[in-house]
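*Asks:* Sharing a structure with you now.
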Amino acid sequence: MESSVGVLGLWVPLLAVFMLEVCQTHPIPDSSPLLQFGSQVRQRYLYTDDDQDTEAHLEIRQDGTVAGAAHRSPESLLELKALKPGVIQILGVKASRFLCQQPDGTLYGSPSFDPAACSFRELLLQDGYNVYRSEARGLLLRLPQRNLANQGPASRGPVRFLPMPGLLQEPQEPPGFLAPEPPDVGSSDPLSMVEPSLGQSPSYAS
């Protein structure tokens, strides 16, 4: 019995030393959300007025075409997700298509993500605008210009974009719908729990 206790007393300090070595050589990873680049997701409209007569927002449409629209729309609401520091993917929320670029610079929307075609490096300019460059091919992301069908896809086009907060306009209330009136704090029944909510009691009629 005494020998067993002695052996156990010998192993306890050895086990403690072993656990200390493990903790020192294998530190607990930092779980700070600031280091999880892959979880950074922003909903934005990519607005440009670069070489344009009117403002334009980049749209990814259901058929995979990419174009500029004068006004914000569900097709121009984009989801920008960080793949690694400085590199993002761009997803059209409405179309569920990734913004991608062909070797000649043509933009298109793809239902599947291709790292070589759909990864863009995001660069911030001094004036607050951004430019996006293909991570694999080095080509600038250019919004297709209108009425330039005879020019090549990599010809002149807007390259400076301003990411605008992704907030769609609130839908208008349908005609005939009356918004609820605020409670009458001077009434004995401000929440209309006793009196009818519509009209007044005949006793109050003049």
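Naming works like this for the structure tokens: A, B, ... for the chains as they're shown, residue 1 at the start of each chain, ligands 1 onward in shown order.
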Considering only alpha helix (DSSP H) as DSSP defines it on the backbone, what residues of segment 35-169 of chain A qualify? List them as a PyMOL selection string.
*Replies:* chain A and resi 115-118
*Asks:* Residues as selected, N, CA, C and O atoms, written as a compact mmCIF listing (two decimals), in the first residue's frame, can you do that?
*Replies:*
```txt
# COMPACT_ATOMS: atom_id res chain seq x y z
N PRO A 115 -12.16 30.94 -57.91
CA PRO A 115 -11.17 31.84 -57.31
C PRO A 115 -10.34 32.61 -58.32
O PRO A 115 -10.00 33.77 -58.10
N ALA A 116 -10.02 31.99 -59.47
CA ALA A 116 -9.19 32.67 -60.46
C ALA A 116 -9.93 33.79 -61.17
O ALA A 116 -9.33 34.78 -61.57
N ALA A 117 -11.25 33.65 -61.32
CA ALA A 117 -12.02 34.63 -62.08
C ALA A 117 -12.82 35.59 -61.20
O ALA A 117 -13.18 36.68 -61.66
N CYS A 118 -13.06 35.21 -59.96
CA CYS A 118 -14.02 35.95 -59.14
C CYS A 118 -13.42 36.55 -57.87
O CYS A 118 -14.16 36.96 -56.97
```
*Asks:* Could you pull the residues within 9 Å of Ser76 of chain A, counting only C-alpha atoms, minus those fewer than 5 positions along the same chain, as a VMD selection string?
*Replies:* chain A and resid 44 to 46 57 to 61 68 to 69 71 92 to 94
*Asks:* Can I get the selection written as an mmCIF file, in the first residue's frame, with all heavy atoms?
*Replies:*
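Written file, out-v3.cif:
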```cif
data_model
loop_
_atom_site.group_PDB
_atom_site.id
_atom_site.type_symbol
_atom_site.label_atom_id
_atom_site.label_comp_id
_atom_site.auth_asym_id
_atom_site.auth_seq_id
_atom_site.Cartn_x
_atom_site.Cartn_y
_atom_site.Cartn_z
ATOM 1 N N ARG A 44 -23.263 46.374 -50.024
ATOM 2 C CA ARG A 44 -22.960 47.677 -50.597
ATOM 3 C C ARG A 44 -23.539 47.801 -52.002
ATOM 4 O O ARG A 44 -23.812 46.812 -52.683
ATOM 5 C CB ARG A 44 -21.436 47.890 -50.681
ATOM 6 C CG ARG A 44 -20.730 47.960 -49.336
ATOM 7 C CD ARG A 44 -21.057 49.228 -48.586
ATOM 8 N NE ARG A 44 -20.272 49.378 -47.384
ATOM 9 C CZ ARG A 44 -20.648 48.915 -46.186
ATOM 10 N NH1 ARG A 44 -21.789 48.274 -46.047
ATOM 11 N NH2 ARG A 44 -19.875 49.112 -45.121
ATOM 12 N N TYR A 45 -23.705 49.067 -52.432
ATOM 13 C CA TYR A 45 -23.927 49.410 -53.830
ATOM 14 C C TYR A 45 -22.618 49.998 -54.346
ATOM 15 O O TYR A 45 -22.035 50.882 -53.705
ATOM 16 C CB TYR A 45 -25.046 50.442 -53.986
ATOM 17 C CG TYR A 45 -26.395 49.960 -53.529
ATOM 18 C CD1 TYR A 45 -26.860 50.258 -52.246
ATOM 19 C CD2 TYR A 45 -27.217 49.222 -54.373
ATOM 20 C CE1 TYR A 45 -28.102 49.824 -51.820
ATOM 21 C CE2 TYR A 45 -28.465 48.778 -53.952
ATOM 22 C CZ TYR A 45 -28.901 49.092 -52.676
ATOM 23 O OH TYR A 45 -30.126 48.656 -52.249
ATOM 24 N N LEU A 46 -22.137 49.526 -55.480
ATOM 25 C CA LEU A 46 -20.923 50.077 -56.070
ATOM 26 C C LEU A 46 -21.326 51.176 -57.043
ATOM 27 O O LEU A 46 -21.741 50.923 -58.175
ATOM 28 C CB LEU A 46 -20.114 48.980 -56.766
ATOM 29 C CG LEU A 46 -19.450 47.953 -55.836
ATOM 30 C CD1 LEU A 46 -18.574 46.990 -56.631
ATOM 31 C CD2 LEU A 46 -18.629 48.638 -54.743
ATOM 32 N N HIS A 57 -24.802 52.519 -61.036
ATOM 33 C CA HIS A 57 -24.562 51.505 -60.016
ATOM 34 C C HIS A 57 -24.359 50.161 -60.713
ATOM 35 O O HIS A 57 -25.103 49.810 -61.630
ATOM 36 C CB HIS A 57 -25.747 51.414 -59.049
ATOM 37 C CG HIS A 57 -26.028 52.688 -58.316
ATOM 38 N ND1 HIS A 57 -26.745 53.722 -58.877
ATOM 39 C CD2 HIS A 57 -25.680 53.093 -57.068
ATOM 40 C CE1 HIS A 57 -26.836 54.711 -58.001
ATOM 41 N NE2 HIS A 57 -26.204 54.354 -56.901
ATOM 42 N N LEU A 58 -23.357 49.439 -60.286
ATOM 43 C CA LEU A 58 -23.065 48.144 -60.900
ATOM 44 C C LEU A 58 -24.180 47.155 -60.566
ATOM 45 O O LEU A 58 -24.538 46.978 -59.397
ATOM 46 C CB LEU A 58 -21.711 47.622 -60.408
ATOM 47 C CG LEU A 58 -21.139 46.391 -61.111
ATOM 48 C CD1 LEU A 58 -19.622 46.445 -61.117
ATOM 49 C CD2 LEU A 58 -21.601 45.098 -60.452
ATOM 50 N N GLU A 59 -24.713 46.529 -61.597
ATOM 51 C CA GLU A 59 -25.794 45.551 -61.453
ATOM 52 C C GLU A 59 -25.335 44.180 -61.933
ATOM 53 O O GLU A 59 -24.693 44.064 -62.975
ATOM 54 C CB GLU A 59 -27.022 45.954 -62.282
ATOM 55 C CG GLU A 59 -27.999 46.839 -61.579
ATOM 56 C CD GLU A 59 -29.292 46.973 -62.366
ATOM 57 O OE1 GLU A 59 -29.374 46.475 -63.510
ATOM 58 O OE2 GLU A 59 -30.226 47.594 -61.848
ATOM 59 N N ILE A 60 -25.688 43.135 -61.184
ATOM 60 C CA ILE A 60 -25.522 41.747 -61.637
ATOM 61 C C ILE A 60 -26.922 41.193 -61.842
ATOM 62 O O ILE A 60 -27.685 41.056 -60.887
ATOM 63 C CB ILE A 60 -24.746 40.907 -60.610
ATOM 64 C CG1 ILE A 60 -23.377 41.535 -60.328
ATOM 65 C CG2 ILE A 60 -24.564 39.483 -61.118
ATOM 66 C CD1 ILE A 60 -22.575 40.789 -59.277
ATOM 67 N N ARG A 61 -27.262 40.876 -63.088
ATOM 68 C CA ARG A 61 -28.634 40.499 -63.417
ATOM 69 C C ARG A 61 -28.810 38.990 -63.423
ATOM 70 O O ARG A 61 -27.850 38.229 -63.412
ATOM 71 C CB ARG A 61 -29.027 41.115 -64.770
ATOM 72 C CG ARG A 61 -28.991 42.644 -64.709
ATOM 73 C CD ARG A 61 -29.207 43.303 -66.038
ATOM 74 N NE ARG A 61 -29.194 44.756 -65.913
ATOM 75 C CZ ARG A 61 -29.171 45.606 -66.924
ATOM 76 N NH1 ARG A 61 -29.142 45.132 -68.171
ATOM 77 N NH2 ARG A 61 -29.162 46.912 -66.708
ATOM 78 N N GLY A 68 -24.531 48.863 -65.852
ATOM 79 C CA GLY A 68 -24.699 49.986 -64.947
ATOM 80 C C GLY A 68 -26.127 50.478 -64.982
ATOM 81 O O GLY A 68 -26.739 50.561 -66.052
ATOM 82 N N ALA A 69 -26.669 50.799 -63.810
ATOM 83 C CA ALA A 69 -28.033 51.314 -63.701
ATOM 84 C C ALA A 69 -27.987 52.682 -63.039
ATOM 85 O O ALA A 69 -27.203 52.922 -62.114
ATOM 86 C CB ALA A 69 -28.906 50.362 -62.890
ATOM 87 N N HIS A 71 -30.146 54.087 -61.134
ATOM 88 C CA HIS A 71 -30.682 54.122 -59.780
ATOM 89 C C HIS A 71 -30.415 52.793 -59.077
ATOM 90 O O HIS A 71 -30.220 51.754 -59.718
ATOM 91 C CB HIS A 71 -32.192 54.410 -59.808
ATOM 92 C CG HIS A 71 -32.544 55.686 -60.506
ATOM 93 N ND1 HIS A 71 -32.311 56.925 -59.959
ATOM 94 C CD2 HIS A 71 -33.100 55.909 -61.732
ATOM 95 C CE1 HIS A 71 -32.716 57.864 -60.794
ATOM 96 N NE2 HIS A 71 -33.194 57.275 -61.880
ATOM 97 N N GLY A 92 -23.923 39.153 -56.171
ATOM 98 C CA GLY A 92 -25.193 39.838 -56.367
ATOM 99 C C GLY A 92 -26.261 39.193 -55.504
ATOM 100 O O GLY A 92 -26.568 38.016 -55.667
ATOM 101 N N VAL A 93 -26.841 39.958 -54.582
ATOM 102 C CA VAL A 93 -27.789 39.390 -53.624
ATOM 103 C C VAL A 93 -29.035 38.880 -54.327
ATOM 104 O O VAL A 93 -29.515 37.781 -54.061
ATOM 105 C CB VAL A 93 -28.153 40.439 -52.552
ATOM 106 C CG1 VAL A 93 -29.230 39.914 -51.620
ATOM 107 C CG2 VAL A 93 -26.914 40.832 -51.750
ATOM 108 N N LYS A 94 -29.584 39.660 -55.244
ATOM 109 C CA LYS A 94 -30.819 39.286 -55.935
ATOM 110 C C LYS A 94 -30.589 38.121 -56.899
ATOM 111 O O LYS A 94 -31.367 37.160 -56.921
ATOM 112 C CB LYS A 94 -31.370 40.495 -56.696
ATOM 113 C CG LYS A 94 -32.591 40.218 -57.545
ATOM 114 C CD LYS A 94 -33.813 39.928 -56.696
ATOM 115 C CE LYS A 94 -35.054 39.805 -57.573
ATOM 116 N NZ LYS A 94 -36.277 39.532 -56.771
#
```
*Asks:* When distances are computed from only C-alpha atoms, which of A:Ser112, A:Gln101, A:Gln40, A:Thr48 shows the smallest separation from Glu79 of chain A?
*Replies:*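 The closest residue to Glu79 of chain A is A:Gln40.
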*Asks:* One number please: atom CA of Gly86 of chain A to atom CA of Leu123 of chain A, in Å, one decimal.
*Replies:* 7.4 Å
